[in-house]
$ cat upload.pdb   # PDB, C-alpha atoms, pLDDT in the B column
ATOM      1  CA  MET A 750     -54.329  14.622 -84.029  1.00 36.00           C
ATOM      2  CA  ILE A 751     -53.609  17.144 -86.770  1.00 37.00           C
ATOM      3  CA  LEU A 752     -51.336  20.107 -86.232  1.00 40.00           C
ATOM      4  CA  THR A 753     -51.749  23.335 -88.195  1.00 40.00           C
ATOM      5  CA  ALA A 754     -48.832  24.631 -90.238  1.00 36.00           C
ATOM      6  CA  LEU A 755     -48.625  28.368 -89.599  1.00 35.00           C
ATOM      7  CA  LEU A 756     -45.292  29.205 -91.180  1.00 34.00           C
ATOM      8  CA  ALA A 757     -46.728  30.049 -94.591  1.00 37.00           C
ATOM      9  CA  VAL A 758     -49.765  31.583 -92.918  1.00 38.00           C
ATOM     10  CA  THR A 759     -47.704  34.123 -91.003  1.00 35.00           C
ATOM     11  CA  ALA A 760     -45.928  35.220 -94.167  1.00 32.00           C
ATOM     12  CA  PHE A 761     -49.269  35.588 -95.926  1.00 41.00           C
ATOM     13  CA  ALA A 762     -50.741  37.542 -93.017  1.00 38.00           C
ATOM     14  CA  LYS A 763     -47.932  40.094 -93.239  1.00 38.00           C
ATOM     15  CA  GLU A 764     -48.469  40.400 -96.988  1.00 41.00           C
ATOM     16  CA  ALA A 765     -52.274  40.608 -96.889  1.00 41.00           C
ATOM     17  CA  ALA A 766     -52.958  42.703 -93.789  1.00 41.00           C
ATOM     18  CA  PRO A 767     -49.823  43.913 -91.997  1.00 36.00           C
ATOM     19  CA  GLU A 768     -51.865  46.104 -89.652  1.00 35.00           C
ATOM     20  CA  GLN A 769     -53.878  43.193 -88.285  1.00 38.00           C
ATOM     21  CA  ASP A 770     -53.148  41.357 -85.092  1.00 50.00           C
ATOM     22  CA  LEU A 771     -51.531  38.060 -86.077  1.00 62.00           C
ATOM     23  CA  PHE A 772     -53.213  36.443 -83.074  1.00 58.00           C
ATOM     24  CA  GLU A 773     -56.609  36.822 -84.753  1.00 63.00           C
ATOM     25  CA  PHE A 774     -55.378  35.815 -88.204  1.00 73.00           C
ATOM     26  CA  ASN A 775     -53.577  32.700 -86.960  1.00 71.00           C
ATOM     27  CA  ASN A 776     -56.629  31.778 -84.917  1.00 68.00           C
ATOM     28  CA  LEU A 777     -58.686  31.935 -88.120  1.00 75.00           C
ATOM     29  CA  VAL A 778     -56.312  29.653 -89.997  1.00 80.00           C
ATOM     30  CA  SER A 779     -55.932  27.205 -87.112  1.00 75.00           C
ATOM     31  CA  GLU A 780     -59.683  26.594 -87.269  1.00 75.00           C
ATOM     32  CA  MET A 781     -59.788  25.973 -91.035  1.00 83.00           C
ATOM     33  CA  GLN A 782     -61.054  22.472 -91.812  1.00 83.00           C
ATOM     34  CA  GLY A 783     -60.367  22.040 -95.508  1.00 90.00           C
ATOM     35  CA  VAL A 784     -62.196  22.967 -98.693  1.00 94.00           C
ATOM     36  CA  ARG A 785     -65.644  24.481 -98.215  1.00 93.00           C
ATOM     37  CA  ALA A 786     -67.887  27.259 -99.516  1.00 94.00           C
ATOM     38  CA  PRO A 787     -66.694  30.825 -98.816  1.00 94.00           C
ATOM     39  CA  TYR A 788     -67.471  31.953 -95.289  1.00 89.00           C
ATOM     40  CA  GLN A 789     -67.118  35.030 -93.120  1.00 83.00           C
ATOM     41  CA  TYR A 790     -64.893  34.917 -90.040  1.00 78.00           C
ATOM     42  CA  GLY A 791     -65.212  38.188 -88.172  1.00 71.00           C
ATOM     43  CA  LYS A 792     -63.821  40.877 -90.441  1.00 77.00           C
ATOM     44  CA  TYR A 793     -62.375  38.327 -92.890  1.00 85.00           C
ATOM     45  CA  VAL A 794     -63.841  36.312 -95.767  1.00 91.00           C
ATOM     46  CA  VAL A 795     -62.190  32.934 -96.398  1.00 93.00           C
ATOM     47  CA  PHE A 796     -62.031  31.301 -99.834  1.00 96.00           C
ATOM     48  CA  THR A 797     -60.706  27.761-100.366  1.00 96.00           C
ATOM     49  CA  ALA A 798     -59.955  25.458-103.281  1.00 97.00           C
ATOM     50  CA  PRO A 799     -58.797  21.837-103.601  1.00 97.00           C
ATOM     51  CA  ASN A 800     -55.104  21.161-104.108  1.00 96.00           C
ATOM     52  CA  ASN A 801     -55.452  19.575-107.538  1.00 96.00           C
ATOM     53  CA  SER A 802     -54.056  22.374-109.693  1.00 96.00           C
ATOM     54  CA  ARG A 803     -50.850  24.371-109.965  1.00 96.00           C
ATOM     55  CA  TYR A 804     -52.330  27.856-109.519  1.00 97.00           C
ATOM     56  CA  VAL A 805     -55.528  29.390-108.157  1.00 97.00           C
ATOM     57  CA  GLY A 806     -56.270  33.105-108.144  1.00 98.00           C
ATOM     58  CA  ILE A 807     -59.269  35.322-107.398  1.00 98.00           C
ATOM     59  CA  ALA A 808     -60.499  38.705-108.722  1.00 97.00           C
ATOM     60  CA  PHE A 809     -63.213  40.876-107.151  1.00 96.00           C
ATOM     61  CA  ASP A 810     -65.917  43.195-108.469  1.00 94.00           C
ATOM     62  CA  PHE A 811     -64.980  46.060-106.113  1.00 93.00           C
ATOM     63  CA  GLU A 812     -61.560  46.123-107.826  1.00 93.00           C
ATOM     64  CA  GLY A 813     -63.080  45.923-111.312  1.00 92.00           C
ATOM     65  CA  TYR A 814     -61.542  42.443-111.736  1.00 94.00           C
ATOM     66  CA  LYS A 815     -58.278  44.214-112.563  1.00 93.00           C
ATOM     67  CA  GLN A 816     -56.155  42.455-109.929  1.00 96.00           C
ATOM     68  CA  ILE A 817     -55.727  38.713-109.463  1.00 97.00           C
ATOM     69  CA  HIS A 818     -54.860  37.635-105.919  1.00 97.00           C
ATOM     70  CA  ALA A 819     -53.033  34.326-105.626  1.00 97.00           C
ATOM     71  CA  TYR A 820     -54.279  31.654-103.238  1.00 97.00           C
ATOM     72  CA  LYS A 821     -51.752  30.183-100.791  1.00 95.00           C
ATOM     73  CA  LEU A 822     -51.177  26.492-100.113  1.00 95.00           C
ATOM     74  CA  HIS A 823     -52.059  25.351 -96.600  1.00 93.00           C
ATOM     75  CA  LYS A 824     -50.755  22.067 -95.208  1.00 91.00           C
ATOM     76  CA  ALA A 825     -51.799  20.121 -92.123  1.00 88.00           C
ATOM     77  CA  TYR A 826     -49.308  17.792 -90.425  1.00 86.00           C
ATOM     78  CA  ASP A 827     -49.507  15.002 -87.888  1.00 85.00           C
ATOM     79  CA  PHE A 828     -47.170  14.756 -84.894  1.00 86.00           C
ATOM     80  CA  GLU A 829     -44.614  12.862 -86.968  1.00 86.00           C
ATOM     81  CA  GLY A 830     -44.359  15.684 -89.468  1.00 87.00           C
ATOM     82  CA  GLU A 831     -46.246  13.895 -92.230  1.00 90.00           C
ATOM     83  CA  VAL A 832     -48.655  15.893 -94.388  1.00 90.00           C
ATOM     84  CA  THR A 833     -52.209  14.726 -93.705  1.00 92.00           C
ATOM     85  CA  ASP A 834     -54.101  17.176 -95.929  1.00 93.00           C
ATOM     86  CA  SER A 835     -53.573  20.297 -98.033  1.00 95.00           C
ATOM     87  CA  TRP A 836     -55.685  22.877 -99.826  1.00 96.00           C
ATOM     88  CA  PHE A 837     -55.470  26.348-101.320  1.00 96.00           C
ATOM     89  CA  PHE A 838     -56.910  29.353 -99.492  1.00 95.00           C
ATOM     90  CA  TYR A 839     -57.230  33.116 -99.745  1.00 95.00           C
ATOM     91  CA  VAL A 840     -58.235  35.433 -96.891  1.00 93.00           C
ATOM     92  CA  LEU A 841     -59.847  38.762 -97.712  1.00 92.00           C
ATOM     93  CA  LYS A 842     -60.271  41.545 -95.192  1.00 87.00           C
ATOM     94  CA  LYS A 843     -63.897  42.606 -95.613  1.00 85.00           C
ATOM     95  CA  PRO A 844     -64.023  45.974 -97.420  1.00 85.00           C
ATOM     96  CA  LYS A 845     -65.692  48.747 -95.461  1.00 78.00           C
ATOM     97  CA  ASP A 846     -69.426  49.232 -96.111  1.00 77.00           C
ATOM     98  CA  VAL A 847     -69.552  46.298 -98.563  1.00 84.00           C
ATOM     99  CA  GLU A 848     -72.451  43.910 -97.930  1.00 86.00           C
ATOM    100  CA  SER A 849     -71.874  41.524-100.851  1.00 92.00           C
ATOM    101  CA  ILE A 850     -69.051  40.507-103.170  1.00 95.00           C
ATOM    102  CA  SER A 851     -69.045  39.116-106.688  1.00 96.00           C
ATOM    103  CA  TYR A 852     -65.896  37.443-107.932  1.00 97.00           C
ATOM    104  CA  ARG A 853     -64.328  35.049-110.435  1.00 97.00           C
ATOM    105  CA  ILE A 854     -61.432  32.676-109.913  1.00 97.00           C
ATOM    106  CA  VAL A 855     -58.574  31.602-112.162  1.00 97.00           C
ATOM    107  CA  ILE A 856     -57.492  27.957-112.155  1.00 97.00           C
ATOM    108  CA  ASP A 857     -54.307  27.261-114.132  1.00 97.00           C
ATOM    109  CA  GLY A 858     -55.009  30.224-116.421  1.00 96.00           C
ATOM    110  CA  LEU A 859     -58.707  29.526-117.004  1.00 97.00           C
ATOM    111  CA  TRP A 860     -61.361  31.928-115.710  1.00 97.00           C
ATOM    112  CA  THR A 861     -64.344  30.293-114.038  1.00 97.00           C
ATOM    113  CA  THR A 862     -66.871  30.540-111.230  1.00 97.00           C
ATOM    114  CA  ASP A 863     -65.984  29.108-107.844  1.00 97.00           C
ATOM    115  CA  PRO A 864     -66.768  25.351-107.768  1.00 96.00           C
ATOM    116  CA  THR A 865     -67.188  25.510-103.966  1.00 96.00           C
ATOM    117  CA  ASN A 866     -69.877  28.217-104.166  1.00 96.00           C
ATOM    118  CA  THR A 867     -73.358  27.444-105.513  1.00 95.00           C
ATOM    119  CA  ASN A 868     -74.400  31.099-105.204  1.00 96.00           C
ATOM    120  CA  THR A 869     -73.940  32.596-108.694  1.00 96.00           C
ATOM    121  CA  LEU A 870     -75.439  35.445-110.696  1.00 95.00           C
ATOM    122  CA  TYR A 871     -75.400  36.479-114.356  1.00 95.00           C
ATOM    123  CA  ASP A 872     -73.802  39.828-115.218  1.00 91.00           C
ATOM    124  CA  THR A 873     -75.565  41.269-118.271  1.00 91.00           C
ATOM    125  CA  ASN A 874     -72.817  43.872-118.737  1.00 85.00           C
ATOM    126  CA  THR A 875     -70.085  41.281-119.291  1.00 84.00           C
ATOM    127  CA  ASN A 876     -72.286  38.294-120.242  1.00 91.00           C
ATOM    128  CA  LEU A 877     -70.497  36.254-117.588  1.00 93.00           C
ATOM    129  CA  TRP A 878     -71.572  34.126-114.654  1.00 96.00           C
ATOM    130  CA  LEU A 879     -70.090  35.373-111.381  1.00 97.00           C
ATOM    131  CA  SER A 880     -69.741  33.780-107.981  1.00 97.00           C
ATOM    132  CA  HIS A 881     -71.427  35.769-105.229  1.00 96.00           C
ATOM    133  CA  VAL A 882     -71.115  36.066-101.425  1.00 95.00           C
ATOM    134  CA  ASN A 883     -73.434  37.970 -99.086  1.00 91.00           C
ATOM    135  CA  LEU A 884     -71.654  39.508 -96.098  1.00 85.00           C
ATOM    136  CA  PRO A 885     -73.806  40.023 -92.998  1.00 72.00           C
ATOM    137  CA  ARG A 886     -72.881  42.876 -90.752  1.00 64.00           C
ATOM    138  CA  VAL A 887     -70.624  41.889 -87.850  1.00 54.00           C
ATOM    139  CA  GLU A 888     -71.188  43.533 -84.494  1.00 55.00           C
ATOM    140  CA  THR A 889     -67.815  44.608 -83.196  1.00 56.00           C
ATOM    141  CA  LYS A 890     -66.991  44.372 -79.496  1.00 67.00           C
ATOM    142  CA  ASN A 891     -64.536  47.000 -78.363  1.00 79.00           C
ATOM    143  CA  THR A 892     -62.933  48.183 -75.186  1.00 84.00           C
ATOM    144  CA  GLU A 893     -65.342  50.832 -73.858  1.00 84.00           C
ATOM    145  CA  THR A 894     -66.852  52.372 -70.762  1.00 82.00           C
ATOM    146  CA  VAL A 895     -70.016  50.642 -69.545  1.00 82.00           C
ATOM    147  CA  PRO A 896     -72.643  51.606 -66.924  1.00 77.00           C
ATOM    148  CA  ALA A 897     -71.981  51.649 -63.173  1.00 76.00           C
ATOM    149  CA  GLY A 898     -68.535  53.202 -63.526  1.00 85.00           C
ATOM    150  CA  TYR A 899     -66.822  50.236 -65.171  1.00 92.00           C
ATOM    151  CA  THR A 900     -64.499  50.070 -68.164  1.00 94.00           C
ATOM    152  CA  ARG A 901     -64.813  46.890 -70.240  1.00 94.00           C
ATOM    153  CA  PHE A 902     -61.530  45.646 -71.682  1.00 95.00           C
ATOM    154  CA  VAL A 903     -61.868  43.333 -74.713  1.00 94.00           C
ATOM    155  CA  CYS A 904     -59.147  41.309 -76.434  1.00 93.00           C
ATOM    156  CA  PHE A 905     -59.282  38.788 -79.289  1.00 88.00           C
ATOM    157  CA  ALA A 906     -56.585  36.108 -79.210  1.00 86.00           C
ATOM    158  CA  PRO A 907     -56.220  32.337 -79.726  1.00 84.00           C
ATOM    159  CA  THR A 908     -58.312  30.300 -77.337  1.00 85.00           C
ATOM    160  CA  GLY A 909     -56.838  28.960 -74.104  1.00 89.00           C
ATOM    161  CA  GLN A 910     -54.480  31.880 -73.418  1.00 91.00           C
ATOM    162  CA  LYS A 911     -53.813  33.834 -70.218  1.00 95.00           C
ATOM    163  CA  ILE A 912     -54.326  37.466 -71.207  1.00 96.00           C
ATOM    164  CA  ARG A 913     -53.640  40.199 -68.645  1.00 97.00           C
ATOM    165  CA  VAL A 914     -54.020  43.959 -68.652  1.00 97.00           C
ATOM    166  CA  GLY A 915     -51.816  46.543 -67.016  1.00 96.00           C
ATOM    167  CA  GLY A 916     -51.513  50.302 -67.295  1.00 95.00           C
ATOM    168  CA  THR A 917     -51.347  53.588 -65.505  1.00 95.00           C
ATOM    169  CA  PHE A 918     -54.248  52.433 -63.298  1.00 96.00           C
ATOM    170  CA  THR A 919     -52.044  49.579 -61.951  1.00 96.00           C
ATOM    171  CA  ASN A 920     -48.746  51.482 -62.043  1.00 95.00           C
ATOM    172  CA  TRP A 921     -47.973  49.166 -65.007  1.00 95.00           C
ATOM    173  CA  ASP A 922     -48.233  46.044 -62.878  1.00 96.00           C
ATOM    174  CA  SER A 923     -49.639  43.465 -65.321  1.00 96.00           C
ATOM    175  CA  TRP A 924     -50.230  40.722 -62.736  1.00 96.00           C
ATOM    176  CA  ILE A 925     -53.231  42.263 -60.972  1.00 97.00           C
ATOM    177  CA  TYR A 926     -55.931  41.793 -63.615  1.00 97.00           C
ATOM    178  CA  GLU A 927     -56.424  38.774 -65.884  1.00 97.00           C
ATOM    179  CA  LEU A 928     -59.112  38.791 -68.579  1.00 97.00           C
ATOM    180  CA  LYS A 929     -61.595  35.896 -68.783  1.00 94.00           C
ATOM    181  CA  GLU A 930     -62.306  33.996 -72.005  1.00 92.00           C
ATOM    182  CA  VAL A 931     -66.039  34.709 -72.307  1.00 89.00           C
ATOM    183  CA  GLN A 932     -66.314  33.224 -75.807  1.00 85.00           C
ATOM    184  CA  ARG A 933     -63.906  31.172 -77.887  1.00 82.00           C
ATOM    185  CA  GLY A 934     -61.033  33.550 -78.655  1.00 85.00           C
ATOM    186  CA  LYS A 935     -62.692  36.541 -76.951  1.00 89.00           C
ATOM    187  CA  TYR A 936     -61.348  37.762 -73.596  1.00 93.00           C
ATOM    188  CA  GLN A 937     -63.071  40.354 -71.443  1.00 94.00           C
ATOM    189  CA  LEU A 938     -62.821  42.046 -68.050  1.00 95.00           C
ATOM    190  CA  ASP A 939     -64.731  44.902 -66.387  1.00 95.00           C
ATOM    191  CA  ILE A 940     -62.650  47.143 -64.113  1.00 95.00           C
ATOM    192  CA  PRO A 941     -64.025  50.064 -62.024  1.00 94.00           C
ATOM    193  CA  LEU A 942     -62.129  53.199 -63.063  1.00 94.00           C
ATOM    194  CA  PRO A 943     -62.833  56.797 -62.014  1.00 92.00           C
ATOM    195  CA  SER A 944     -62.905  59.606 -64.557  1.00 92.00           C
ATOM    196  CA  GLY A 945     -59.572  60.272 -66.207  1.00 92.00           C
ATOM    197  CA  THR A 946     -57.244  59.368 -69.057  1.00 93.00           C
ATOM    198  CA  TYR A 947     -55.519  55.992 -68.875  1.00 94.00           C
ATOM    199  CA  TYR A 948     -52.825  54.226 -70.858  1.00 95.00           C
ATOM    200  CA  TYR A 949     -52.632  50.438 -70.912  1.00 96.00           C
ATOM    201  CA  ASN A 950     -51.456  47.342 -72.784  1.00 96.00           C
ATOM    202  CA  TYR A 951     -52.354  43.667 -72.832  1.00 96.00           C
ATOM    203  CA  TYR A 952     -49.873  40.990 -71.819  1.00 96.00           C
ATOM    204  CA  ARG A 953     -49.353  37.359 -72.717  1.00 93.00           C
ATOM    205  CA  GLY A 954     -46.470  35.969 -70.699  1.00 92.00           C
ATOM    206  CA  ILE A 955     -43.839  38.709 -70.732  1.00 90.00           C
ATOM    207  CA  THR A 956     -44.957  40.013 -74.136  1.00 90.00           C
ATOM    208  CA  SER A 957     -47.029  43.190 -74.226  1.00 91.00           C
ATOM    209  CA  PHE A 958     -49.235  44.301 -77.111  1.00 91.00           C
ATOM    210  CA  ILE A 959     -51.690  47.111 -77.791  1.00 91.00           C
ATOM    211  CA  ASP A 960     -55.483  46.793 -77.785  1.00 92.00           C
ATOM    212  CA  GLU A 961     -56.476  46.279 -81.443  1.00 86.00           C
ATOM    213  CA  THR A 962     -60.139  47.044 -80.631  1.00 87.00           C
ATOM    214  CA  ASN A 963     -59.192  50.556 -79.525  1.00 89.00           C
ATOM    215  CA  PRO A 964     -57.907  52.987 -82.200  1.00 85.00           C
ATOM    216  CA  GLU A 965     -56.705  55.502 -79.587  1.00 89.00           C
ATOM    217  CA  LYS A 966     -52.940  55.269 -78.973  1.00 90.00           C
ATOM    218  CA  GLY A 967     -50.327  57.266 -77.120  1.00 89.00           C
ATOM    219  CA  TYR A 968     -46.853  57.124 -75.602  1.00 86.00           C
ATOM    220  CA  THR A 969     -45.916  56.437 -72.009  1.00 81.00           C
ATOM    221  CA  ALA A 970     -43.411  58.545 -70.093  1.00 80.00           C
ATOM    222  CA  ASP A 971     -40.632  56.114 -71.043  1.00 81.00           C
ATOM    223  CA  GLY A 972     -41.518  56.264 -74.759  1.00 82.00           C
ATOM    224  CA  ARG A 973     -43.505  53.025 -75.145  1.00 83.00           C
ATOM    225  CA  ILE A 974     -46.585  52.965 -77.373  1.00 90.00           C
ATOM    226  CA  ALA A 975     -49.756  52.094 -75.466  1.00 93.00           C
ATOM    227  CA  SER A 976     -53.510  52.070 -75.900  1.00 94.00           C
ATOM    228  CA  ARG A 977     -55.345  55.100 -74.497  1.00 92.00           C
ATOM    229  CA  ILE A 978     -58.853  55.440 -73.086  1.00 93.00           C
ATOM    230  CA  VAL A 979     -60.708  58.387 -71.573  1.00 91.00           C
ATOM    231  CA  VAL A 980     -63.232  57.613 -68.842  1.00 90.00           C
ATOM    232  CA  ARG A 981     -65.779  60.382 -68.308  1.00 85.00           C
TER     233      ARG A 981
END
$ encode --input "upload.pdb" --output "structure tokens"
Amino acid sequence: MILTALLAVTAFAKEAAPEQDLFEFNNLVSEMQGVRAPYQYGKYVVFTAPNNSRYVGIAFDFEGYKQIHAYKLHKAYDFEGEVTDSWFFYVLKKPKDVESISYRIVIDGLWTTDPTNTNTLYDTNTNLWLSHVNLPRVETKNTETVPAGYTRFVCFAPTGQKIRVGGTFTNWDSWIYELKEVQRGKYQLDIPLPSGTYYYNYYRGITSFIDETNPEKGYTADGRIASRIVVR
């Protein structure tokens, strides 16, 4: 069985998207299976390249090809700590309102199209062939009120976890409600709540964290940051 090396991944996650929940990012990387064509994973686009060069970088059309982003080396290990495979990868957070991306990559100083991507187009302005990726819209699932007086709590985390929710509606007791994993990496629970304003957090073990699907935040009476939802 192959184990995923997340040490370098965590460092890259902080560099690339410090505001993102590392649960989701690490879940993405743990499911990577080697070199393949670019693909969309939720709000991310994943690019890969074989580990047969010293440097791989990527530049995008929406940045005018003015910035080269370096790929990172990913290694997979067996239980004895031996490297079983390795490849380069770059994870892009999908830009808002962008439905397609054109890009070029740099391999050891040479500009080229992406060998893993057969989707290319010719740019008459630059007389260059570009690699191209179409990005379908992703339906987001957020914590929200739903019919019949229920509030639906949604959390994205690595699969196989025990995710709980606690807040002002439980007097901050986090052991009353546990979310169910309704899809791989997606946890959900409907709770009947009357009208009012509520503060809450999710819990994994003794660690609490805010709801990344809910942009509304606030502070509890003892000064802790918490997610906030208004039920009408």
$ residues_near_point --input "upload.pdb" --point "(-61.2, 45.8, -89.8)" --cutoff "8 Å" --atoms "only C-alpha atoms" --output "number ranges by chain"
A: 769, 792, 842-843, 845
$ closest_atom_pairs --input "upload.pdb" --of "segment 939-972 of chain A" --to "segment 894-909 of chain A" --cutoff "10 Å" --atoms "all atoms listed in the file" --output "Markdown table"
| residue | atom | partner | partner_atom | distance |
| --- | --- | --- | --- | --- |
| A:Asp939 | CA | A:Arg901 | CA | 4.3 |
| A:Ile940 | CA | A:Tyr899 | CA | 5.3 |
| A:Pro941 | CA | A:Tyr899 | CA | 4.2 |
| A:Leu942 | CA | A:Tyr899 | CA | 5.9 |
| A:Pro943 | CA | A:Gly898 | CA | 6.9 |
| A:Ser944 | CA | A:Gly898 | CA | 8.6 |
| A:Tyr951 | CA | A:Cys904 | CA | 8.0 |
| A:Arg953 | CA | A:Ala906 | CA | 9.8 |
| A:Ile959 | CA | A:Cys904 | CA | 9.5 |
| A:Asp960 | CA | A:Cys904 | CA | 6.7 |
| A:Glu961 | CA | A:Cys904 | CA | 7.5 |
| A:Thr962 | CA | A:Cys904 | CA | 7.2 |
| A:Asn963 | CA | A:Val903 | CA | 9.1 |
$ write_last_selection --input "upload.pdb" --atoms "C-alpha atoms" --output "tab-separated table (two decimals), in the frame of the given file"
chain	number	residue	atom	x	y	z
A	939	ASP	CA	-64.73	44.90	-66.39
A	940	ILE	CA	-62.65	47.14	-64.11
A	941	PRO	CA	-64.03	50.06	-62.02
A	942	LEU	CA	-62.13	53.20	-63.06
A	943	PRO	CA	-62.83	56.80	-62.01
A	944	SER	CA	-62.90	59.61	-64.56
A	951	TYR	CA	-52.35	43.67	-72.83
A	953	ARG	CA	-49.35	37.36	-72.72
A	959	ILE	CA	-51.69	47.11	-77.79
A	960	ASP	CA	-55.48	46.79	-77.78
A	961	GLU	CA	-56.48	46.28	-81.44
A	962	THR	CA	-60.14	47.04	-80.63
A	963	ASN	CA	-59.19	50.56	-79.53
$ atom_distance --input "upload.pdb" --atom1 "atom CA of Gly916 of chain A" --atom2 "atom CA of Arg981 of chain A"
17.5 Å
$ residues_near_point --input "upload.pdb" --point "(-69.0, 32.4, -104.6)" --cutoff "6 Å" --atoms "all atoms listed in the file" --output "PDB file with C-alpha atoms, in the coordinates of the input"
ATOM      1  CA  ASP A 863     -65.984  29.108-107.844  1.00 97.00           C
ATOM      2  CA  ASN A 866     -69.877  28.217-104.166  1.00 96.00           C
ATOM      3  CA  ASN A 868     -74.400  31.099-105.204  1.00 96.00           C
ATOM      4  CA  SER A 880     -69.741  33.780-107.981  1.00 97.00           C
ATOM      5  CA  HIS A 881     -71.427  35.769-105.229  1.00 96.00           C
ATOM      6  CA  VAL A 882     -71.115  36.066-101.425  1.00 95.00           C
TER       7      VAL A 882
END
$ closest_residue --input "upload.pdb" --among "A:Ser779, A:Gly945, A:Tyr871, A:Tyr814" --to "Tyr826 of chain A" --atoms "all atoms listed in the file"
A:Ser779
$ residues_around --input "upload.pdb" --residues "Ser957 of chain A" --least-positions-apart "6" --cutoff "12 Å" --atoms "all atoms listed in the file" --output "PyMOL selection string"
chain A and resi 912-916+921-923+949-951+973-976
$ closest_residue --input "upload.pdb" --among "A:Glu780, A:Glu930, A:Asp872, A:Asp971" --to "Ala825 of chain A" --atoms "only C-alpha atoms"
A:Glu780
$ atom_distance --input "upload.pdb" --atom1 "atom CA of Trp836 of chain A" --atom2 "atom CA of Asp810 of chain A"
24.3 Å
